[in-house]
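Asker: The structure is given below, and queries will be raised subsequently.
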Amino acid sequence: MSVDTLRENFHINRISSDLLQDFLTAQTYRPEITLAKEKLLKLPHTVLQNLCNKPIRQGKSPKYAEKGLKCIKPRNTVDLLVSLNDIDYIDPSTENDISNQCLAYGDIVITRSGSGTIGRASIFSFNEKIYTNDHLFIVRVSKADSHYVVSFLKSYYGARLLEAGISGSTGQLNLSNEHIKQLIIYAPHTLVQKYIGEKVREAELLLSWSRSVINKWQNSFKQMYPSTDAYNIYKTSSYKLTTRQIAEVLTPESYPPEVEKYFQENSYLTLGEMSECIYTGKTLEPSFESSCVSQATSRSCSGMFFKNPMNKVETSDRVKPLKVKDLVLTNAAHEKSYIGKDVTFNHSNDYVLPSAKVLVIRIKEDKLPISYIHSYLMTGHGYIQWQSIVRGISAGIHPSDVARIRVPLPINESDYQKMVDADELFIRAGLANQVSKQLNEVAVKLIEALIEGIITEEELIQAQNTLEQGDNSLDRAILSQMTEEGYAVAGSKPLFADLDEFYELLEQAKELE
């Protein structure tokens, strides 16, 4: 989340002259900001630049290209861990000009501009050559635990201090380099920083393991059905259809020739033949009662596993809840090209209701593995089929059209046996993805709890010491107190449903590290 979401809230505040900065705008001195700053100044603290050997810097605007050097932008900094989904590319001939923008493992990037994105902090957790553009600050922490520092920047207190440095009007917001350098950082004992930083490193490990499982199976699945590449030569502006090929839609784009030719020559099953049901969700009233339930919307769909947070709505028997292994995707969008890019594999048995903006596909258990179907539907060939069934000026897809989408069958009978465990491994990978996000929440919420005096530094020091001796009992006790709303919040739902499963999953990921 960006740090400017509360900036325009009306307020009146009276402050001492000691708190005055370079900015004299009212938003800089919202009560939440001044109170956060006063609280941190009473605790051990330093400023961000003091934690770095190299000056905090921003890059220059690169020369983009269709292929070349990989480049991240603010859209890659939504979560605490930098994402490499949907990256851009820089002209390789300009590499010397942008050498200062090359990221190293553990670098923190902070979005420096833009309403809705400004102030987002993420940590770079890869060991490959990636560059930034001019909208990101690069912070290379060398005198503290960088995974702790990014967690602090993501906390309520870090966000308020970042917010204090925003200048400009809505749509033209900026953070100054000098403000970032002088940003106050809460500096507890080094073992406290290590304990919190380790939670983020465990999140990295689980996310990396999840990606490796998915990538391995997706590559295997592609080898099981006939290649689609050879059929690209059939992309033409006109061709003949037989009456058996024609459905109730008569638009030319509904019958892509390369897809039609492919399935003339290769065996397939349709989603309709394989599905128990295909349905859209319902619009439900928001709810903040204790009986409220989660709702998956188009914003929840990612192309792999669900994203959080989900909407909270009233429970209803007007729509069927999701089941584990359901496939869910956006069914209506202003931009046609968006449909088919976010087919999501539901890895969980949690009670979730689908909204009217998503479509649910429930595959029968005796058909192809759902992981195989999902992987094909997310290929370029699958995407062409999704686009071919989009109808209307306001782009949308309907269950009857989705039922016509075809999925190629594996060539060899032996491949079916190879896929026996695929769905369960997808479910484990989805759980690892989910727990990774929860661990990032733990890191942030523990910092907030420390600052607010709900937990002590000594408790975290002891937990870290016992972990280093191979004993996770104190760590388990702390995690058992984590709730969806923070540390030891009475009445709030526990963050981890099953800590035994969490530790088992973590060990599984460590074994394959």
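In the structure tokens, the first chain shown is A, the next is B, and so on; residue numbers restart at 1 for each chain, and ligands run from 1 in the order shown.
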Report the residues of stretch 111-191 of chain A whose backbone DSSP state falls under strand (DSSP E), written as number ranges by chain.
Answerer: A: 111, 121-123, 131-132, 136-139, 166-167, 174-175, 184-186
Asker: Would you kindly return, as a PyMOL selection string, each protein, DNA or RNA residue with an atom no farther than 7 Å from any atom of A:Leu207, considering only C-alpha atoms and excluding same-chain residues fewer than 4 positions away?
Answerer: chain A and resi 203+211+432-433+436
Asker: Can you tell me how far atom CA of A:Lys357 sits from atom CA of A:Asn76, in Å to one decimal?
Answerer: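 Interatomic distance, atom CA of A:Lys357 to atom CA of A:Asn76: 24.5 Å.
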Asker: Given only C-alpha atoms as the basis, pick out the residue of A:Glu38, A:Glu335, A:Glu204, A:Asp4 nearest to A:Leu81.
Answerer: A:Glu204
Asker: Point out the residue among A:Gln387, A:Ser275, A:Gln438, A:Thr315 with the least atom-to-atom distance to A:Pro399, counting only C-alpha atoms.
Answerer: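 For A:Pro399, the nearest of the candidates is A:Ser275.
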Asker: Within 12 Å of stretch 488-491 of chain A, counting only C-alpha atoms, which residues show up once you throw out same-chain ones fewer than 6 positions away? Write them as a list in words, please.
Answerer: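 Result of the neighbour search: Ser290, Val442, Lys445, Leu446, Glu448, Ala449, Leu450, Gly453, Ile454, Ile455, Ala477, Ile478, Leu479, Ser480, Gln481 and Met482 of chain A.
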Asker: Write to file, as a PDB file, in the first residue's frame, the residues of the selection just made, with N, CA and C atoms.
Answerer:
```
ATOM      1  N   SER A 290     -18.418  -9.923  13.038  1.00  0.00           N
ATOM      2  CA  SER A 290     -17.564 -11.080  13.307  1.00  0.00           C
ATOM      3  C   SER A 290     -17.945 -12.272  12.438  1.00  0.00           C
ATOM      4  N   VAL A 442       4.118 -10.909   9.878  1.00  0.00           N
ATOM      5  CA  VAL A 442       4.690 -11.108  11.221  1.00  0.00           C
ATOM      6  C   VAL A 442       5.798 -10.091  11.467  1.00  0.00           C
ATOM      7  N   LYS A 445       4.249  -6.595  11.922  1.00  0.00           N
ATOM      8  CA  LYS A 445       3.429  -6.484  13.134  1.00  0.00           C
ATOM      9  C   LYS A 445       4.269  -6.577  14.410  1.00  0.00           C
ATOM     10  N   LEU A 446       5.363  -7.334  14.371  1.00  0.00           N
ATOM     11  CA  LEU A 446       6.232  -7.398  15.553  1.00  0.00           C
ATOM     12  C   LEU A 446       6.904  -6.052  15.816  1.00  0.00           C
ATOM     13  N   GLU A 448       5.656  -3.127  15.079  1.00  0.00           N
ATOM     14  CA  GLU A 448       4.613  -2.272  15.648  1.00  0.00           C
ATOM     15  C   GLU A 448       4.366  -2.623  17.112  1.00  0.00           C
ATOM     16  N   ALA A 449       4.376  -3.929  17.423  1.00  0.00           N
ATOM     17  CA  ALA A 449       4.159  -4.360  18.807  1.00  0.00           C
ATOM     18  C   ALA A 449       5.307  -3.913  19.719  1.00  0.00           C
ATOM     19  N   LEU A 450       6.536  -3.951  19.211  1.00  0.00           N
ATOM     20  CA  LEU A 450       7.694  -3.468  19.977  1.00  0.00           C
ATOM     21  C   LEU A 450       7.549  -1.984  20.283  1.00  0.00           C
ATOM     22  N   GLY A 453       5.007  -1.304  22.875  1.00  0.00           N
ATOM     23  CA  GLY A 453       5.234  -1.905  24.184  1.00  0.00           C
ATOM     24  C   GLY A 453       4.422  -3.147  24.462  1.00  0.00           C
ATOM     25  N   ILE A 454       3.887  -3.793  23.421  1.00  0.00           N
ATOM     26  CA  ILE A 454       3.081  -4.999  23.611  1.00  0.00           C
ATOM     27  C   ILE A 454       3.976  -6.223  23.782  1.00  0.00           C
ATOM     28  N   ILE A 455       5.139  -6.197  23.174  1.00  0.00           N
ATOM     29  CA  ILE A 455       6.139  -7.235  23.334  1.00  0.00           C
ATOM     30  C   ILE A 455       7.476  -6.554  23.606  1.00  0.00           C
ATOM     31  N   ALA A 477       5.790 -19.906  20.433  1.00  0.00           N
ATOM     32  CA  ALA A 477       4.930 -19.159  21.360  1.00  0.00           C
ATOM     33  C   ALA A 477       4.617 -17.771  20.814  1.00  0.00           C
ATOM     34  N   ILE A 478       5.610 -17.135  20.203  1.00  0.00           N
ATOM     35  CA  ILE A 478       5.381 -15.801  19.629  1.00  0.00           C
ATOM     36  C   ILE A 478       4.444 -15.892  18.422  1.00  0.00           C
ATOM     37  N   LEU A 479       4.692 -16.849  17.522  1.00  0.00           N
ATOM     38  CA  LEU A 479       3.842 -16.981  16.334  1.00  0.00           C
ATOM     39  C   LEU A 479       2.410 -17.350  16.706  1.00  0.00           C
ATOM     40  N   SER A 480       2.244 -18.076  17.798  1.00  0.00           N
ATOM     41  CA  SER A 480       0.887 -18.460  18.216  1.00  0.00           C
ATOM     42  C   SER A 480       0.075 -17.246  18.670  1.00  0.00           C
ATOM     43  N   GLN A 481       0.782 -16.166  19.023  1.00  0.00           N
ATOM     44  CA  GLN A 481       0.111 -14.935  19.460  1.00  0.00           C
ATOM     45  C   GLN A 481      -0.171 -13.970  18.304  1.00  0.00           C
ATOM     46  N   MET A 482       0.316 -14.304  17.103  1.00  0.00           N
ATOM     47  CA  MET A 482       0.085 -13.429  15.957  1.00  0.00           C
ATOM     48  C   MET A 482      -1.342 -13.610  15.460  1.00  0.00           C
TER      49      MET A 482
END
```
Asker: Pick out the residues sitting within 7 Å of stretch 363-374 of chain A, and hand them over as a PyMOL selection string; count only C-alpha atoms, and ignore anything fewer than 6 positions along from it in its own chain.
Answerer: chain A and resi 221+274-276+325+407+422-423+426
Asker: Residues within 12 Å of A:Thr190, please, as a PyMOL selection string. Count only C-alpha atoms; anything in the same chain fewer than 3 positions from it doesn't count.
Answerer: chain A and resi 44+143-146+148-149+186-187+193-198+457-458+460-461+464-465
Asker: Report, in Å to a single decimal, how far apart atom CA of A:Leu183 and atom CA of A:Leu35 are.
Answerer: 15.2 Å
Asker: Taking the chain letters and numbering used in this document, name the residues of stretch 202-244 of chain A that DSSP puts in helix (DSSP H, G or I), as a ChimeraX atom specification.
Answerer: /A:202-224,229-234,243-244
Asker: Between A:Ile397, A:Leu409, A:Leu40, A:Ala356, which residue has the minimum interatomic distance to A:Pro226, considering only C-alpha atoms?
Answerer: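 Using only C-alpha atoms, the shortest distance to A:Pro226 belongs to A:Leu409.
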Asker: Between atom CA of A:Arg406 and atom CA of A:Leu377, what distance in Å does the model show, to one decimal?
Answerer: 9.2 Å
Asker: Using only C-alpha atoms, determine which residues lie at most 12 Å from A:Phe263, disregarding the query and same-chain residues fewer than 4 positions distant; provide the list as a ChimeraX atom specification.
Answerer: /A:225-228,231,245,255-259,267-270,381,385,405-409
Asker: Between A:Ser2, A:Ser355, A:Asn349, A:Thr456, which one has atoms that come closest to A:Arg160, using only C-alpha atoms?
Answerer: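 The shortest atom-to-atom distance to A:Arg160 comes from A:Ser2.
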Asker: Within 12 Å of stretch 163-172 of chain A, which residues of stretch 34-121 of chain A come that close, and what is the closest atom pair and distance in Å for each? Count only C-alpha atoms and give it as JSON lines.
Answerer:
```
{"residue": "A:Thr34", "atom": "CA", "partner": "A:Ala164", "partner_atom": "CA", "distance": 8.7}
{"residue": "A:Leu35", "atom": "CA", "partner": "A:Ala164", "partner_atom": "CA", "distance": 11.7}
{"residue": "A:Ala36", "atom": "CA", "partner": "A:Ala164", "partner_atom": "CA", "distance": 10.5}
{"residue": "A:Lys37", "atom": "CA", "partner": "A:Ala164", "partner_atom": "CA", "distance": 9.6}
{"residue": "A:Thr111", "atom": "CA", "partner": "A:Ile166", "partner_atom": "CA", "distance": 11.4}
{"residue": "A:Arg112", "atom": "CA", "partner": "A:Ile166", "partner_atom": "CA", "distance": 8.9}
{"residue": "A:Ser113", "atom": "CA", "partner": "A:Gln172", "partner_atom": "CA", "distance": 7.3}
{"residue": "A:Gly114", "atom": "CA", "partner": "A:Gly171", "partner_atom": "CA", "distance": 6.1}
{"residue": "A:Ser115", "atom": "CA", "partner": "A:Gly171", "partner_atom": "CA", "distance": 5.1}
{"residue": "A:Gly116", "atom": "CA", "partner": "A:Gly171", "partner_atom": "CA", "distance": 8.6}
{"residue": "A:Thr117", "atom": "CA", "partner": "A:Gly171", "partner_atom": "CA", "distance": 10.3}
{"residue": "A:Ile118", "atom": "CA", "partner": "A:Ile166", "partner_atom": "CA", "distance": 8.3}
{"residue": "A:Gly119", "atom": "CA", "partner": "A:Glu163", "partner_atom": "CA", "distance": 7.0}
{"residue": "A:Arg120", "atom": "CA", "partner": "A:Glu163", "partner_atom": "CA", "distance": 10.2}
```
